[in-house]
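Working notes for the structure below.
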Amino acid sequence: MPAHETPSEDSTEPPSGSSDPPSSTRPPYRTAWPWVLCVIGLDYLSTLAYQPSVAFGSAGRLAPLVTILVAAVTLFLALPIYLYIAGRSPHGGGSTALLERCIPGWYGKLLLLVLLAFGAVDLVFTRTFSAAAAAEHITRSPAPEWQQILDASTREGEELRQRLSPEARELTNGLWNRQTVVSLIVLVIGTITGLIFFNGYTPGFIRLAVATVVFYLGLTLFVVGCGAVYLIENPHLVQQWWADVWAGNWKPGATPHPVANWGDLFIACLPLFPAVALGLSGFELTLMAMPLVRGRVDDHPEHPRGQIRSTRFLLLVAALSMSTYLLGSTLVTTVLIPPGAQLTDGQAKYRALAYLAHGGQLSNGQQSTVMSSSLGLTFGTIYDISTVSILALAGLSFAMTLSSWIPPYLQRLGMDFNWSVKLGGLVWLFTGLKFVVTAYFGADVDAHRAAYLTGVLAVFAFAALAASVDVWQKRKRLRWRKVFRIPPLFLLALVVFMLSAIWVATDRPIGAAFAAAFIILVFGMSLGTRAWRSTEFRFSGFDYADKATEHEWERLKASDFPVLVPYCPGQLTLKEREIEVRSRHRIPGTLPIVFIQAELADPSDFHHRPRLRIARENGRVVVHITRCCSIAHAIAAAALELSSAGAVPEVHFGWSSENPLTANLHFVLFGHGNVPWMVYTIVRRAKVPESRKPRVVVA
């Protein structure tokens, strides 16, 4: 394993699209991209444990052809999208950060909320689906020792349940069965492992990921390789499968649907793509784990070319290797395993590769041990252990990105999640949800798969949307005059993933229902907390436009008695505004006035770091404040900054004719409205000595 890399300048850079400072000054651990591939592989490559079975369950004998569609979408749609996003969001934000940058304001926040909701569905059901799939490998294993332990545990558990009160027995009725209990145990093991590595990616976690993924892929390659060699030696099996495909004998007991040409065959395969698209999972996690990838020593903090290049190579290798594994494993299992065994509990259903590893019966009546003498009970048990290991850890890398993915977004909505990150509130919440979901669905693999699939496809659709909008905006700025401002490939990806997600959500709406519940909960909580915290200072300092502005600002802070007058251009000229203020507020002509002109940027943000520029216009000093998320907060921040040294300033306003309810709502949501009163409230609540608080005058 590589040693800890010397931290580079960009170690503490916040993710792209985020204005929040990093939560820690400790530089992140970085390592070579092959080891990061193993971290991603805990989620991405673990789908090999069940994908061949899922493909056959959905497409029957067409499974290898539909898997070709999955591989094509992976290589020619998903991969280009994420290669592009890797270059545009290199600090770990992924499509979330890019979408937030492309679509600011409340529309962008709502889109991001929907994306995070489906991402949360993806996270929860990755864990529960993987645990249920691992339970299938444990409970269906032909190893007699395993079955004896499971039988004894089931009897003891049922005896214990019978000693409970009638109400408790009724409540737990149907929960105590092998599949559910083993799934919960697998979740507990994965959760304990996650708590051990609670602080994030460490060398120890990297070693665990590398050992688990390499061991599992090595055993899988041996099983698939033995099957491929056997098919080469017995081509009549492939010919029989191919004849069944054209004859329409796709599933046992189903009505045949013969096809006449390649067009008919493609049309038959196309609607089956969404149901087998789980093999796409893992790309978004790669970009969120991008800060883990080691770049070059001379990488620029804002655009680390070495890190981007390594991540893109990682994406390419992951897509190629996964596509190869999927095609090989699906072809081998579909052709070699009897169709009935693929659909029968206890045989090859959800564990097709393990079925071959254990020496199961082939479609020609022979045992799979004829492919290799190494296959059999011993090898199959070892293969089960490796499969259960990678499935128990699947989604763990995804869960470890929570602290850098969801909380910063919620903070920009106004929800204070610093305490939650420190106490692990989100981790415990999602952990509890996993156990509740597993108990509710009884660890039924099919029930979990629909929600998992919805989350995966929705995340890909949003990635395609983010890339398309970003390219369109860039080419618009460059005055691109060609027909397509958005690459046709990006548009095709957006259509494919969006229609697939809608198709799955319509057919099995459980994933969309979970996402909708998440959206309603977060949006309601964010509005409430935003209103509650609306008068917090929400200010982290000014950025100066130039050195002259910085010097002038320091001079104003040291002046005797500055009078600040907010100014909104377009209503009165500076001269007219000065005459009005001096006459109504009885300010002598010898007393200097400083005008403040604040401009809103993205009022949907909660915290801001405004940009300050000072200019002299017709002999008058005008402080221009831009990048504000709230007019009142910008003016209050300027007044409090000026009061930190020298005389305490006064801020002079005129009366507002706004409706109070409308004004307060505009202030909370859109950053303007009821400005005099809000400036007064913010100044009163500021944590500065009472004698240093600026005075607010309304006349």
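Quick note on naming: the chains in the structure tokens go A, B, ... in the order shown, residues restart at 1 in each chain, and ligands are numbered from 1 in order of appearance.
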Original post:
If we count only C-alpha atoms, what is near A:Glu578 at a cut-off of 9 Å, once residues fewer than 3 positions away on the same chain are taken out, given as an MDAnalysis selection string?
Top reply: chainID A and resid 565 573:575 581:583 593 595
Original post:
What are the DSSP strand (DSSP E or B) residues of stretch 582-622 of chain A, as a count of residues only?
Top reply: 19
Original post:
Among stretch 353-485 of chain A, which ones does DSSP place in helix (DSSP H, G or I), written as an MDAnalysis selection string?
Top reply: chainID A and resid 353:357 368:370 377:393 396:400 402:412 418:423 425:441 445:477
Can I get the residues of stretch 431-524 of chain A within 12 Å of stretch 79-97 of chain A, each with the closest pair of atoms and their distance in Å to one decimal, using only C-alpha atoms, sorted chain first then ascending number, as CSV?
```
residue,atom,partner,partner_atom,distance
A:Ala458,CA,A:Ser95,CA,11.9
A:Val459,CA,A:Ser95,CA,8.7
A:Phe460,CA,A:Ile81,CA,9.0
A:Ala461,CA,A:Ser95,CA,10.1
A:Phe462,CA,A:Ser95,CA,7.2
A:Ala463,CA,A:Ser95,CA,5.1
A:Ala464,CA,A:Ile81,CA,6.2
A:Leu465,CA,A:Ser95,CA,8.8
A:Ala466,CA,A:Ser95,CA,6.1
A:Ala467,CA,A:Ile85,CA,6.5
A:Ser468,CA,A:Ile81,CA,8.8
A:Val469,CA,A:Ser95,CA,11.2
A:Asp470,CA,A:Arg88,CA,8.9
A:Val471,CA,A:Tyr84,CA,9.5
A:Lys474,CA,A:Arg88,CA,11.4
A:Ile486,CA,A:Ile81,CA,12.0
A:Pro487,CA,A:Ile81,CA,10.4
A:Pro488,CA,A:Ile81,CA,11.7
A:Leu489,CA,A:Pro80,CA,8.3
A:Phe490,CA,A:Ile81,CA,6.8
A:Leu491,CA,A:Ile81,CA,10.3
A:Leu492,CA,A:Ile81,CA,10.8
A:Ala493,CA,A:Ile81,CA,8.1
A:Leu494,CA,A:Ile81,CA,9.7
A:Phe497,CA,A:Ile81,CA,11.7
```
Please, could you write that set of residues out with N, CA, C and O atoms as a CSV table (one decimal), in the first residue's frame?
```
chain,number,residue,atom,x,y,z
A,458,ALA,N,-32.4,7.8,-11.3
A,458,ALA,CA,-32.6,9.2,-11.1
A,458,ALA,C,-31.3,10.0,-10.9
A,458,ALA,O,-31.2,11.1,-11.4
A,459,VAL,N,-30.4,9.4,-10.2
A,459,VAL,CA,-29.1,10.1,-10.0
A,459,VAL,C,-28.4,10.3,-11.4
A,459,VAL,O,-27.8,11.3,-11.6
A,460,PHE,N,-28.4,9.3,-12.2
A,460,PHE,CA,-27.8,9.4,-13.6
A,460,PHE,C,-28.6,10.4,-14.4
A,460,PHE,O,-27.9,11.2,-15.2
A,461,ALA,N,-29.9,10.5,-14.3
A,461,ALA,CA,-30.6,11.5,-15.0
A,461,ALA,C,-30.2,12.9,-14.6
A,461,ALA,O,-30.0,13.8,-15.4
A,462,PHE,N,-30.0,13.2,-13.3
A,462,PHE,CA,-29.6,14.5,-12.8
A,462,PHE,C,-28.2,14.8,-13.3
A,462,PHE,O,-27.8,15.9,-13.5
A,463,ALA,N,-27.3,13.8,-13.3
A,463,ALA,CA,-25.9,14.0,-13.8
A,463,ALA,C,-26.0,14.4,-15.3
A,463,ALA,O,-25.2,15.4,-15.6
A,464,ALA,N,-26.8,13.8,-16.1
A,464,ALA,CA,-26.9,14.2,-17.5
A,464,ALA,C,-27.5,15.6,-17.6
A,464,ALA,O,-27.0,16.4,-18.5
A,465,LEU,N,-28.4,15.9,-16.7
A,465,LEU,CA,-29.0,17.3,-16.7
A,465,LEU,C,-27.9,18.3,-16.4
A,465,LEU,O,-27.8,19.4,-17.0
A,466,ALA,N,-27.2,18.0,-15.3
A,466,ALA,CA,-26.1,19.0,-14.9
A,466,ALA,C,-25.1,19.2,-16.0
A,466,ALA,O,-24.7,20.4,-16.3
A,467,ALA,N,-24.6,18.1,-16.6
A,467,ALA,CA,-23.6,18.2,-17.7
A,467,ALA,C,-24.2,19.0,-18.9
A,467,ALA,O,-23.5,19.8,-19.5
A,468,SER,N,-25.5,18.7,-19.3
A,468,SER,CA,-26.1,19.4,-20.4
A,468,SER,C,-26.3,20.9,-20.2
A,468,SER,O,-25.9,21.7,-21.1
A,469,VAL,N,-26.7,21.3,-19.0
A,469,VAL,CA,-26.9,22.7,-18.7
A,469,VAL,C,-25.6,23.4,-18.7
A,469,VAL,O,-25.5,24.5,-19.2
A,470,ASP,N,-24.6,22.8,-18.1
A,470,ASP,CA,-23.3,23.4,-18.0
A,470,ASP,C,-22.7,23.7,-19.4
A,470,ASP,O,-22.2,24.7,-19.7
A,471,VAL,N,-22.8,22.7,-20.3
A,471,VAL,CA,-22.2,22.8,-21.6
A,471,VAL,C,-23.0,23.9,-22.4
A,471,VAL,O,-22.4,24.8,-23.1
A,474,LYS,N,-21.9,27.4,-21.1
A,474,LYS,CA,-20.6,27.7,-21.6
A,474,LYS,C,-20.6,28.1,-23.1
A,474,LYS,O,-20.0,29.1,-23.5
A,486,ILE,N,-25.9,21.8,-27.0
A,486,ILE,CA,-25.7,20.7,-26.1
A,486,ILE,C,-25.3,19.5,-27.0
A,486,ILE,O,-25.9,19.2,-28.0
A,487,PRO,N,-24.2,18.7,-26.6
A,487,PRO,CA,-23.8,17.6,-27.4
A,487,PRO,C,-25.0,16.6,-27.5
A,487,PRO,O,-25.7,16.3,-26.5
A,488,PRO,N,-25.3,16.1,-28.7
A,488,PRO,CA,-26.4,15.1,-28.8
A,488,PRO,C,-26.2,13.9,-27.9
A,488,PRO,O,-27.2,13.3,-27.5
A,489,LEU,N,-25.0,13.5,-27.6
A,489,LEU,CA,-24.8,12.4,-26.7
A,489,LEU,C,-25.3,12.7,-25.3
A,489,LEU,O,-25.9,11.8,-24.6
A,490,PHE,N,-25.1,13.9,-24.8
A,490,PHE,CA,-25.6,14.3,-23.5
A,490,PHE,C,-27.1,14.4,-23.5
A,490,PHE,O,-27.8,13.9,-22.5
A,491,LEU,N,-27.7,14.9,-24.6
A,491,LEU,CA,-29.2,14.9,-24.7
A,491,LEU,C,-29.8,13.5,-24.7
A,491,LEU,O,-30.8,13.2,-24.1
A,492,LEU,N,-29.1,12.6,-25.5
A,492,LEU,CA,-29.6,11.2,-25.5
A,492,LEU,C,-29.5,10.6,-24.1
A,492,LEU,O,-30.4,9.8,-23.7
A,493,ALA,N,-28.4,10.8,-23.4
A,493,ALA,CA,-28.2,10.3,-22.1
A,493,ALA,C,-29.3,10.8,-21.1
A,493,ALA,O,-29.9,10.0,-20.4
A,494,LEU,N,-29.6,12.1,-21.2
A,494,LEU,CA,-30.7,12.7,-20.4
A,494,LEU,C,-32.0,12.0,-20.7
A,494,LEU,O,-32.7,11.7,-19.7
A,497,PHE,N,-31.9,8.1,-19.4
A,497,PHE,CA,-32.0,7.9,-18.0
A,497,PHE,C,-33.3,8.5,-17.4
A,497,PHE,O,-33.9,7.9,-16.4
```
**OP:** Considering only C-alpha atoms, state which residue in the set A:Leu69, A:Cys269, A:Ile390, A:Ala254 is at the smallest distance from A:Ser46.
**Re:**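 Counting only C-alpha atoms, the residue closest to A:Ser46 is A:Ile390.
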**OP:** Using only C-alpha atoms, pick whichever of A:Pro291, A:Pro252, A:Gly225, A:Gly328 has the shortest atom-to-atom distance to A:Gly57.
**Re:** A:Pro252
Original post:
Taking only C-alpha atoms into account, which of A:Thr191, A:Thr74, A:Ser643, A:Gln367 comes nearest A:Leu556?
Top reply: A:Ser643
Original post:
A:Thr549: which residues within 9 Å, counting only C-alpha atoms, same-chain residues fewer than 4 positions away excluded, as a ChimeraX atom specification?
Top reply: /A:544-545,553-554,612-615
